[in-house]
There are 4 protein chains.
Amino acid sequence: MNDNPGPDHAAGRARPGRKRSEDSRRAILAAAFQIFTEAGYAGLTVEGIAARAGCGKQTIYRWWKTKADVLFDALAQKSELHIPLTDTGTYEGDLRAFLTATFALGDTPQVRDMLCALMAEAQIDPEFGERFRTAFLQRRRDALGVVLGRARARGEPGPVPGLSTSTIMDIVFGTLWYRVLATREPLDQALVEELLAVLAPSRD
Amino acid sequence: MNDNPGPDHAAGRARPGRKRSEDSRRAILAAAFQIFTEAGYAGLTVEGIAARAGCGKQTIYRWWKTKADVLFDALAQKSELHIPLTDTGTYEGDLRAFLTATFALGDTPQVRDMLCALMAEAQIDPEFGERFRTAFLQRRRDALGVVLGRARARGEPGPVPGLSTSTIMDIVFGTLWYRVLATREPLDQALVEELLAVLAPSRD
Amino acid sequence: MNDNPGPDHAAGRARPGRKRSEDSRRAILAAAFQIFTEAGYAGLTVEGIAARAGCGKQTIYRWWKTKADVLFDALAQKSELHIPLTDTGTYEGDLRAFLTATFALGDTPQVRDMLCALMAEAQIDPEFGERFRTAFLQRRRDALGVVLGRARARGEPGPVPGLSTSTIMDIVFGTLWYRVLATREPLDQALVEELLAVLAPSRD
Amino acid sequence: MNDNPGPDHAAGRARPGRKRSEDSRRAILAAAFQIFTEAGYAGLTVEGIAARAGCGKQTIYRWWKTKADVLFDALAQKSELHIPLTDTGTYEGDLRAFLTATFALGDTPQVRDMLCALMAEAQIDPEFGERFRTAFLQRRRDALGVVLGRARARGEPGPVPGLSTSTIMDIVFGTLWYRVLATREPLDQALVEELLAVLAPSRD
DNA sequence: ACGTAAACGAGACGGTACGTCGTGTCTTGGT
DNA sequence: ACCAAGACACGACGTACCGTCTCGTTTACGT
């Protein structure tokens with residue numbers, strides 16, 4: 001999704017013709033970001049983006065499949081979606097760090113609203129859904145997978161007996177997304193601690 | 001949302017004029033259901049519903065604000081969204097029963113797809129979002145709240161120390177919705193048992 | 001058109017049931033008149049008339065075939081469309097009196113605009129056209145016919161040799177309508193005199 | 001009205017973007033013509049024209065303000081509305097030629113019906129009325145003006161003493177239009193001769 | 001007085017067309 | 001080959017009126 005899904009790019013072979021305009025690309029992403037902020041996903045249109053960016057619609061269609069893909073790139077451009085996986089030495093420490101970083105991201109209003117819109121579009125447009133799942137959702141799962149794998153490698157006791165790695169991920173991301181999509185309550189540190197209490201109970 | 005959100009209904013006062021056509025109402029809901037099944041939410045249009053139902057568009061706009069509201073009513077009409085709250089005597093039993101019943105509902109493909117579409121629309125159209133949250137999401141939370149309240153009344157030990165009622169709900173519904181929206185994995189009995197392991201661990 | 005074109009009225013036989021409401025009739029005509037004045041013929045709708053008159057649409061449809069018929073009645077109600085045919089003793093005098101009276105009527109802005117609208121509707125709706133022609137246009141021709149017939153009876157020389165009665169009427173009403181429909185110039189006394197110069201030239 | 005009333009056309013400056021489709025233009029005018037012939041002005045809709053022409057409604061709205069403007073162009077396309085002004089040497093000859101040519105045109109059923117509809121629409125839609133008056137009615141007056149001016153230049157005696165040029169035009173076109181709009185009688189040569197008798201009486 | 005019958009207000013109904021917006025595609029001329 | 005501009009066919013939107021059809025209410029005649 002971050003890559004050019006546009007015209008074929010025969011590997012190292014230099015192609016003739018005008019190069020892709022970096023100015024246009026930036027202007028389009030900026031325009032998408034602005035319009036979304038001002039008018040929401042419902043107010044985001046390819047025509048609107050083109051007008052604001054001062055480019056033709058064709059230029060957008062050439063490089064992105066849907067406006068959701070544009071918005072996803074715009075989001076990736078503005079906000080660093082990558083979560084650093086610092087190794088704190090303990091499962092609980094790693095998980096707390098992961099959750100805190102993840103929640104900080106998801107609590108930024110603009111980022112949050114965009115992710116909601118993208119998740120929504122993923123339901124309605126199955127093709128975009130596939131792209132969104134692999135390019136975003138799965139990557140976040142993989143990141144959490146590193147934390148959980150590290151704990152297993154260390155020989156730390158599993159968080160709760162009878163809980164698969166996959167289900168832990170479902171619980172973590174599920175709670176996160178549910179808060180954002182359904183209850184619209186903030187993702188605060190208190191929730192981090194409560195999730196830790198469930199998933200990394202300090203044995204006593 | 002189930003009630004007529006249309007014209008004013010001065011309480012018991014008999015209003016003049018022709019009554020709302022029950023035939024139209026049923027035909028519209030049935031049409032919405034069919035079209036969604038055949039073409040998905042993206043293929044659901046007010047125009048299409050009207051054509052299939054053999055009614056004018058105005059008749060739809062008169063009684064529903066958006067096509068999402070029509071779809072919600074269609075869903076409520078077809079599928080009994082109410083979850084019976086049987087009292088099994090124990091927190092674990094009640095929770096298992098609740099989860100099993102809820103998951104059964106959410107695992108029906110048609111119901112599942114409709115709920116996804118409605119949740120998506122709730123993100124994109126804030127006004128519908130408000131209606132959907134109060135008319136559906138909150139009611140499900142309230143149902144689970146009965147189970148949890150009953151446990152507390154019985155004096156049963158809380159599931160996990162330091163876990164608020166609200167967060168338990170977030171975990172339950174979050175995991176459920178996440179499976180449906182993000183991973184698209186089925187809601188099976190195994191997940192019920194894993195959630196029980198987390199939220200109602202048998203002390204040993 | 002002035003008569004009730006509505007339900008059958010079995011001659012002298014007294015029918016049961018509620019009588020036609022004279023209040024409604026007046027309110028409808030008044031409403032049509034007002035709306036036309038404010039918004040023109042394009043802004044005149046049956047729904048608008050009903051709303052303004054405080055009556056149901058059915059009541060309008062019961063007694064008039066089209067909104068043009070309502071407007072025609074409204075016009076007839078407000079403005080006396082009948083032209084008195086005073087006998088001045090001479091053809092020229094009679095004609096001058098007829099033209100002056102006719103022009104005075106057609107120079108009233110509201111009446112003029114309504115006649116234009118009705119003439120327009122008569123082109124577009126052939127059924128109304130027939131009614132309008134017989135109920136209005138033909139009557140005006142007949143009136144002029146009386147003047148011309150009187151002249152002939154008196155043995156006055158025809159206005160111009162080789163000019164049929166019918167063509168005289170065409171010229172008189174044609175010039176009148178053309179001024180109103182096409183050039184929108186006022187119908188003044190100067191035009192009366194010019195027409196007299198053509199149609200009743202004083203022989204010398 | 002015959003010119004593009006659509007987007008701006010910066011004089012000689014070449015504008016970017018796709019050019020107007022001549023095919024569409026022709027298809028639209030042909031469709032309007034056909035539909036009018038089959039269903040009359042009441043049956044002429046923008047939607048219908050677009051469907052018949054195989055184009056989008058937007059394409060019609062881009063280049064014409066109302067369906068009446070489309071119809072006017074369609075008429076101008078099909079029928080040569082220009083009247084040749086042959087100089088016969090005498091006022092009477094010129095006028096006879098003008099009237100004969102004009103009547104021939106106005107006696108063609110299709111042309112006649114279209115002109116009636118356009119004249120009607122001109123009453124109902126004032127903006128179109130203005131366009132129709134300047135683009136058609138005034139041009140016809142100007143044509144007759146040439147004939148009358150030529151007579152005056154030649155020093156021919158005025159047709160009737162005390163008759164202004166303007167009133168002669170009113171009488172000619174008024175009689176013509178009145179026949180068409182009101183009496184629906186044909187425009188035959190007999191009428192030409194009668195008008196000549198009035199407006200160009202052979203002195204004896 | 002009491003039913004039958006018609007007209008009334010209100011307003012929902014199936015339709016048709018409106019004029020607008022956005023989609024994704026396709027020229028066109030310029031870089 | 002790419003780009004801005006913009007016309008194109010298409011589909012759906014939400015609105016306005018059309019003319020028809022219930023509703024319950026209000027008169028007015030005929031028993």
# chains A, B, ... in the order shown; residues from 1 in each chain; ligands from 1
>>> interface_residues(of="chain E", to="chain B", cutoff="7 Å", atoms="only C-alpha atoms (C1' of nucleotides)", output="NGL selection string")
:E and (10-12 or 14-15)
>>> write_last_selection(atoms="C-alpha atoms (C1' of nucleotides)", output="PDB file, in the first residue's frame")
ATOM      1  C1'  DA E  10     -55.006  15.488   6.437  1.00  0.00           C
ATOM      2  C1'  DG E  11     -51.483  12.895   4.839  1.00  0.00           C
ATOM      3  C1'  DA E  12     -49.317   8.397   3.198  1.00  0.00           C
ATOM      4  C1'  DG E  14     -46.453   4.607  -6.006  1.00  0.00           C
ATOM      5  C1'  DG E  15     -44.459   7.276  -9.374  1.00  0.00           C
TER       6       DG E  15
END
>>> closest_atom_pairs(of="chain F", to="chain D", cutoff="9 Å", atoms="only C-alpha atoms (C1' of nucleotides)", output="JSON lines")
{"residue": "F:DA4", "atom": "C1'", "partner": "D:Pro16", "partner_atom": "CA", "distance": 7.8}
{"residue": "F:DA5", "atom": "C1'", "partner": "D:Gly17", "partner_atom": "CA", "distance": 4.4}
{"residue": "F:DG6", "atom": "C1'", "partner": "D:Gly17", "partner_atom": "CA", "distance": 4.4}
{"residue": "F:DA7", "atom": "C1'", "partner": "D:Arg18", "partner_atom": "CA", "distance": 5.3}
{"residue": "F:DC8", "atom": "C1'", "partner": "D:Thr59", "partner_atom": "CA", "distance": 7.5}
{"residue": "F:DA9", "atom": "C1'", "partner": "D:Gly56", "partner_atom": "CA", "distance": 5.5}
{"residue": "F:DC10", "atom": "C1'", "partner": "D:Gly56", "partner_atom": "CA", "distance": 6.7}
>>> residues_around(residues="region 34-41 of chain C", least_positions_apart="4", cutoff="9 Å", atoms="only C-alpha atoms (C1' of nucleotides)", output="NGL selection string")
(:C and (29-30 or 45 or 48-49 or 52 or 68 or 71 or 110 or 113-114 or 117-118)) or (:D and (123-125))
>>> closest_atom_pairs(of="chain D", to="chain C", cutoff="6 Å", atoms="only C-alpha atoms", output="CSV")
residue,atom,partner,partner_atom,distance
D:Ala120,CA,C:Ala120,CA,4.0
D:Ile124,CA,C:Ala42,CA,6.0
D:Leu163,CA,C:Glu194,CA,5.8
D:Asp170,CA,C:Thr175,CA,5.5
D:Ile171,CA,C:Thr175,CA,5.1
D:Gly174,CA,C:Gly174,CA,4.2
D:Thr175,CA,C:Gly174,CA,4.4
D:Tyr178,CA,C:Gly174,CA,4.6
D:Glu194,CA,C:Leu163,CA,5.8
>>> write_last_selection(atoms="all heavy atoms", output="PDB file, in the first residue's frame")
ATOM      1  N   ALA D 120     -44.643  29.175 -25.573  1.00  0.00           N
ATOM      2  CA  ALA D 120     -45.282  28.877 -24.291  1.00  0.00           C
ATOM      3  C   ALA D 120     -44.254  28.885 -23.169  1.00  0.00           C
ATOM      4  O   ALA D 120     -44.439  29.528 -22.130  1.00  0.00           O
ATOM      5  CB  ALA D 120     -45.991  27.523 -24.361  1.00  0.00           C
ATOM      6  N   ILE D 124     -43.552  31.017 -19.414  1.00  0.00           N
ATOM      7  CA  ILE D 124     -43.493  30.382 -18.092  1.00  0.00           C
ATOM      8  C   ILE D 124     -42.124  30.555 -17.447  1.00  0.00           C
ATOM      9  O   ILE D 124     -42.014  30.726 -16.246  1.00  0.00           O
ATOM     10  CB  ILE D 124     -43.868  28.893 -18.237  1.00  0.00           C
ATOM     11  CG1 ILE D 124     -45.370  28.797 -18.555  1.00  0.00           C
ATOM     12  CG2 ILE D 124     -43.524  28.112 -16.980  1.00  0.00           C
ATOM     13  CD1 ILE D 124     -45.811  27.436 -19.000  1.00  0.00           C
ATOM     14  N   LEU D 163     -49.322  54.726 -39.707  1.00  0.00           N
ATOM     15  CA  LEU D 163     -49.004  53.395 -39.184  1.00  0.00           C
ATOM     16  C   LEU D 163     -47.484  53.280 -39.011  1.00  0.00           C
ATOM     17  O   LEU D 163     -46.737  53.385 -39.982  1.00  0.00           O
ATOM     18  CB  LEU D 163     -49.488  52.340 -40.180  1.00  0.00           C
ATOM     19  CG  LEU D 163     -49.871  50.986 -39.616  1.00  0.00           C
ATOM     20  CD1 LEU D 163     -50.885  51.144 -38.497  1.00  0.00           C
ATOM     21  CD2 LEU D 163     -50.428  50.112 -40.727  1.00  0.00           C
ATOM     22  N   ASP D 170     -46.055  44.344 -35.581  1.00  0.00           N
ATOM     23  CA  ASP D 170     -46.955  43.731 -34.606  1.00  0.00           C
ATOM     24  C   ASP D 170     -48.131  43.078 -35.305  1.00  0.00           C
ATOM     25  O   ASP D 170     -48.560  41.985 -34.950  1.00  0.00           O
ATOM     26  CB  ASP D 170     -47.469  44.784 -33.612  1.00  0.00           C
ATOM     27  CG  ASP D 170     -46.375  45.297 -32.693  1.00  0.00           C
ATOM     28  OD1 ASP D 170     -45.263  44.736 -32.725  1.00  0.00           O
ATOM     29  OD2 ASP D 170     -46.631  46.257 -31.952  1.00  0.00           O
ATOM     30  N   ILE D 171     -48.654  43.773 -36.323  1.00  0.00           N
ATOM     31  CA  ILE D 171     -49.808  43.232 -37.029  1.00  0.00           C
ATOM     32  C   ILE D 171     -49.423  41.967 -37.796  1.00  0.00           C
ATOM     33  O   ILE D 171     -50.103  40.945 -37.717  1.00  0.00           O
ATOM     34  CB  ILE D 171     -50.395  44.295 -37.984  1.00  0.00           C
ATOM     35  CG1 ILE D 171     -51.070  45.391 -37.154  1.00  0.00           C
ATOM     36  CG2 ILE D 171     -51.389  43.651 -38.947  1.00  0.00           C
ATOM     37  CD1 ILE D 171     -51.545  46.578 -37.981  1.00  0.00           C
ATOM     38  N   GLY D 174     -48.219  39.325 -35.219  1.00  0.00           N
ATOM     39  CA  GLY D 174     -49.336  39.054 -34.315  1.00  0.00           C
ATOM     40  C   GLY D 174     -50.354  38.149 -34.983  1.00  0.00           C
ATOM     41  O   GLY D 174     -50.765  37.128 -34.417  1.00  0.00           O
ATOM     42  N   THR D 175     -50.743  38.499 -36.191  1.00  0.00           N
ATOM     43  CA  THR D 175     -51.723  37.686 -36.906  1.00  0.00           C
ATOM     44  C   THR D 175     -51.193  36.270 -37.112  1.00  0.00           C
ATOM     45  O   THR D 175     -51.900  35.281 -36.876  1.00  0.00           O
ATOM     46  CB  THR D 175     -52.032  38.323 -38.271  1.00  0.00           C
ATOM     47  OG1 THR D 175     -52.418  39.682 -38.059  1.00  0.00           O
ATOM     48  CG2 THR D 175     -53.128  37.567 -38.975  1.00  0.00           C
ATOM     49  N   TYR D 178     -51.073  34.477 -33.730  1.00  0.00           N
ATOM     50  CA  TYR D 178     -52.425  34.246 -33.195  1.00  0.00           C
ATOM     51  C   TYR D 178     -53.086  33.067 -33.899  1.00  0.00           C
ATOM     52  O   TYR D 178     -53.722  32.223 -33.265  1.00  0.00           O
ATOM     53  CB  TYR D 178     -53.262  35.504 -33.368  1.00  0.00           C
ATOM     54  CG  TYR D 178     -54.658  35.392 -32.838  1.00  0.00           C
ATOM     55  CD1 TYR D 178     -54.924  35.434 -31.472  1.00  0.00           C
ATOM     56  CD2 TYR D 178     -55.733  35.231 -33.711  1.00  0.00           C
ATOM     57  CE1 TYR D 178     -56.217  35.345 -30.993  1.00  0.00           C
ATOM     58  CE2 TYR D 178     -57.034  35.141 -33.237  1.00  0.00           C
ATOM     59  CZ  TYR D 178     -57.266  35.188 -31.883  1.00  0.00           C
ATOM     60  OH  TYR D 178     -58.552  35.082 -31.403  1.00  0.00           O
ATOM     61  N   GLU D 194     -54.731  38.798 -47.787  1.00  0.00           N
ATOM     62  CA  GLU D 194     -55.535  39.705 -46.947  1.00  0.00           C
ATOM     63  C   GLU D 194     -54.645  40.679 -46.184  1.00  0.00           C
ATOM     64  O   GLU D 194     -54.947  41.859 -46.051  1.00  0.00           O
ATOM     65  CB  GLU D 194     -56.412  38.891 -45.978  1.00  0.00           C
ATOM     66  CG  GLU D 194     -57.548  38.175 -46.718  1.00  0.00           C
ATOM     67  CD  GLU D 194     -58.590  37.624 -45.771  1.00  0.00           C
ATOM     68  OE1 GLU D 194     -58.398  36.496 -45.266  1.00  0.00           O
ATOM     69  OE2 GLU D 194     -59.595  38.311 -45.516  1.00  0.00           O
TER      70      GLU D 194
END
>>> residues_around(residues="region 75-85 of chain B", least_positions_apart="6", cutoff="10 Å", atoms="only C-alpha atoms (C1' of nucleotides)", output="VMD selection string")
chain B and resid 1 to 2 26 29 to 30 32 to 33 69 94 to 95 97 to 99 101 to 102 105 to 106 108 110 to 111 114 to 115 136 139 to 140 143 to 144 146 to 147
>>> atom_distance(atom1="CA of Asp73 (chain C)", atom2="C1' of DT25 (chain F)")
28.7 Å
